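Asks: This structure is in structure tokens; I'll ask about it shortly.
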Amino acid sequence: MKNPLIINRVNLEEGGQKFRQEVTAESLEIKNLNIVGLVVIDLEIFKTDDMITATGTVKFRVKLNCVSCLEDYEKDFTEKIYQEYVSGAKPKVIAGGRIEDADFIREYYSGDYFNLTPIIRDTVQLAIPIAPWCRDDCPGVCV
């Protein structure tokens with residue numbers, strides 16, 4: 001099955017265009033979270049001569065376990081993403097060199113294709129709290 005998050009840059013028109021896709025947690029290779037339903041990706045993809053920018057939101061629902069009362073609950077997430085894709089080889093980091101802010105939002109690709117899967121997967125996984133609470137005033141487990 002073709003991965004809908006691998007984009008052929010040749011097929012993109014110059015300027016901005018909408019991109020909407022609904023994918024499963026399995027297609028994002030997310031195995032450690034209980035995603036309920038589909039992950040909805042709404043992006044604006046902007047292409048220039050030397051760069052492609054993807055900005056938008058990722059929406060999903062996760063079944064979590066409250067660390068206070070130990071009950072399962074579901075929570076909706078809407079996370080913003082911004083990623084730049086640049087054609088060519090990733091610059092080599094020289095020992096003692098600086099990491100620039102752009103290094104955190106820039107991915108490099110070669111050929112005609114770039115893959116949105118890593119940024120979508122990272123966005124989903126990093127949104128989940130380490131110690132989830134079902135609500136702020138959860139009374140916890142009664143002893």
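Just so we're on the same page: first chain in the structure tokens is A, next is B, and so on; residues restart at 1 for each chain, and ligands are numbered from 1 in the order they show up.
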Please provide the set of residues having any atom within 9 Å of segment 57-63 of chain A, restricted to only C-alpha atoms, with same-chain residues fewer than 4 positions apart removed, written as a list of chain:residue names.
Replies: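 After dropping sequence-adjacent residues, the list is A:Leu33, A:Asn34, A:Ile35, A:Val36, A:Gly37, A:Leu38, A:Val39, A:Val40, A:Ile41, A:Asp42, A:Leu43, A:Asp72, A:Tyr73, A:Glu74, A:Lys75, A:Asp76, A:Phe77, A:Thr78, A:Glu79, A:Lys80, A:Ile81, A:Tyr82, A:Ile120, A:Thr123, A:Val124, A:Ile128.
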Asks: As a ChimeraX atom specification, please: all residues of chain A that backbone DSSP puts in helix (DSSP H, G or I).
Replies: /A:9-11,101-104,117-127
Asks: Can you write just those residues out, N, CA and C atoms, as a CSV table (one decimal), in the first residue's frame?
Replies:
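Final file, again.csv:
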chain,number,residue,atom,x,y,z
A,9,ARG,N,7.5,15.9,-4.8
A,9,ARG,CA,7.6,17.4,-4.9
A,9,ARG,C,7.4,17.8,-6.4
A,10,VAL,N,7.6,17.0,-7.3
A,10,VAL,CA,7.4,17.3,-8.7
A,10,VAL,C,6.0,17.6,-9.0
A,11,ASN,N,5.1,16.9,-8.3
A,11,ASN,CA,3.6,17.1,-8.5
A,11,ASN,C,3.1,18.3,-7.8
A,101,ASP,N,18.7,27.5,15.2
A,101,ASP,CA,17.3,27.3,15.4
A,101,ASP,C,16.7,26.5,14.2
A,102,ALA,N,17.1,26.9,13.0
A,102,ALA,CA,16.6,26.3,11.8
A,102,ALA,C,16.9,24.8,11.8
A,103,ASP,N,17.9,24.3,12.5
A,103,ASP,CA,18.3,22.9,12.4
A,103,ASP,C,17.2,22.0,13.1
A,104,PHE,N,16.3,22.6,13.9
A,104,PHE,CA,15.3,21.8,14.6
A,104,PHE,C,14.0,21.7,13.8
A,117,THR,N,5.9,11.5,7.4
A,117,THR,CA,5.6,10.6,8.5
A,117,THR,C,6.4,10.9,9.7
A,118,PRO,N,7.7,11.2,9.7
A,118,PRO,CA,8.5,11.5,10.9
A,118,PRO,C,8.0,12.7,11.7
A,119,ILE,N,7.7,13.8,11.1
A,119,ILE,CA,7.2,15.0,11.8
A,119,ILE,C,5.8,14.7,12.4
A,120,ILE,N,4.9,14.0,11.7
A,120,ILE,CA,3.6,13.7,12.2
A,120,ILE,C,3.7,12.7,13.4
A,121,ARG,N,4.5,11.7,13.2
A,121,ARG,CA,4.7,10.7,14.3
A,121,ARG,C,5.3,11.4,15.6
A,122,ASP,N,6.3,12.2,15.4
A,122,ASP,CA,7.0,12.9,16.5
A,122,ASP,C,6.0,13.9,17.2
A,123,THR,N,5.2,14.6,16.4
A,123,THR,CA,4.2,15.5,16.9
A,123,THR,C,3.2,14.8,17.8
A,124,VAL,N,2.7,13.6,17.4
A,124,VAL,CA,1.7,12.9,18.2
A,124,VAL,C,2.4,12.4,19.4
A,125,GLN,N,3.6,11.8,19.3
A,125,GLN,CA,4.2,11.2,20.5
A,125,GLN,C,4.6,12.2,21.5
A,126,LEU,N,5.1,13.4,21.1
A,126,LEU,CA,5.5,14.4,22.0
A,126,LEU,C,4.4,15.2,22.7
A,127,ALA,N,3.2,15.0,22.2
A,127,ALA,CA,2.0,15.7,22.7
A,127,ALA,C,1.5,15.0,24.0
Asks: I'd like a table as JSON lines: residues in segment 12-116 of chain A with an atom no more than 7 Å from segment 129-135 of chain A, each row giving the shortest atom pair and its distance in Å to one decimal, only C-alpha atoms counted, sorted by chain and rising residue number.
Replies:
{"residue": "A:Asn65", "atom": "CA", "partner": "A:Pro132", "partner_atom": "CA", "distance": 6.8}
{"residue": "A:Cys66", "atom": "CA", "partner": "A:Trp133", "partner_atom": "CA", "distance": 4.7}
{"residue": "A:Val67", "atom": "CA", "partner": "A:Trp133", "partner_atom": "CA", "distance": 5.9}
{"residue": "A:Ser68", "atom": "CA", "partner": "A:Trp133", "partner_atom": "CA", "distance": 6.5}
{"residue": "A:Tyr73", "atom": "CA", "partner": "A:Cys134", "partner_atom": "CA", "distance": 6.3}
Asks: Write to file, as a compact mmCIF listing (two decimals), in the first residue's frame, the residues of the selection just made, with C-alpha atoms.
Replies:
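Done, and the output landed in result_24.txt:
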# COMPACT_ATOMS: atom_id res chain seq x y z
CA ASN A 65 -4.67 6.14 32.12
CA CYS A 66 -4.92 8.76 34.88
CA VAL A 67 -1.94 8.66 37.25
CA SER A 68 -4.13 9.87 40.12
CA TYR A 73 -10.11 8.22 29.86
Asks: Using only C-alpha atoms, which of the listed residues (A:Lys31, A:Val141, A:Glu22, A:Glu44) sits closest to Glu84 of chain A?
Replies: A:Glu44
Asks: Which is closest to Ser110 of chain A among A:Gly88, A:Phe46, A:Leu70, A:Leu64, if we use only C-alpha atoms?
Replies: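 Distance minimum relative to Ser110 of chain A lands on A:Gly88.
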Asks: Go through A:Glu107, A:Asp49, A:Asp136, A:Glu71 one by one, measure the shortest atom-to-atom distance of each to Glu14 of chain A using only C-alpha atoms, and give the residue with the smallest value.
Replies: A:Asp49
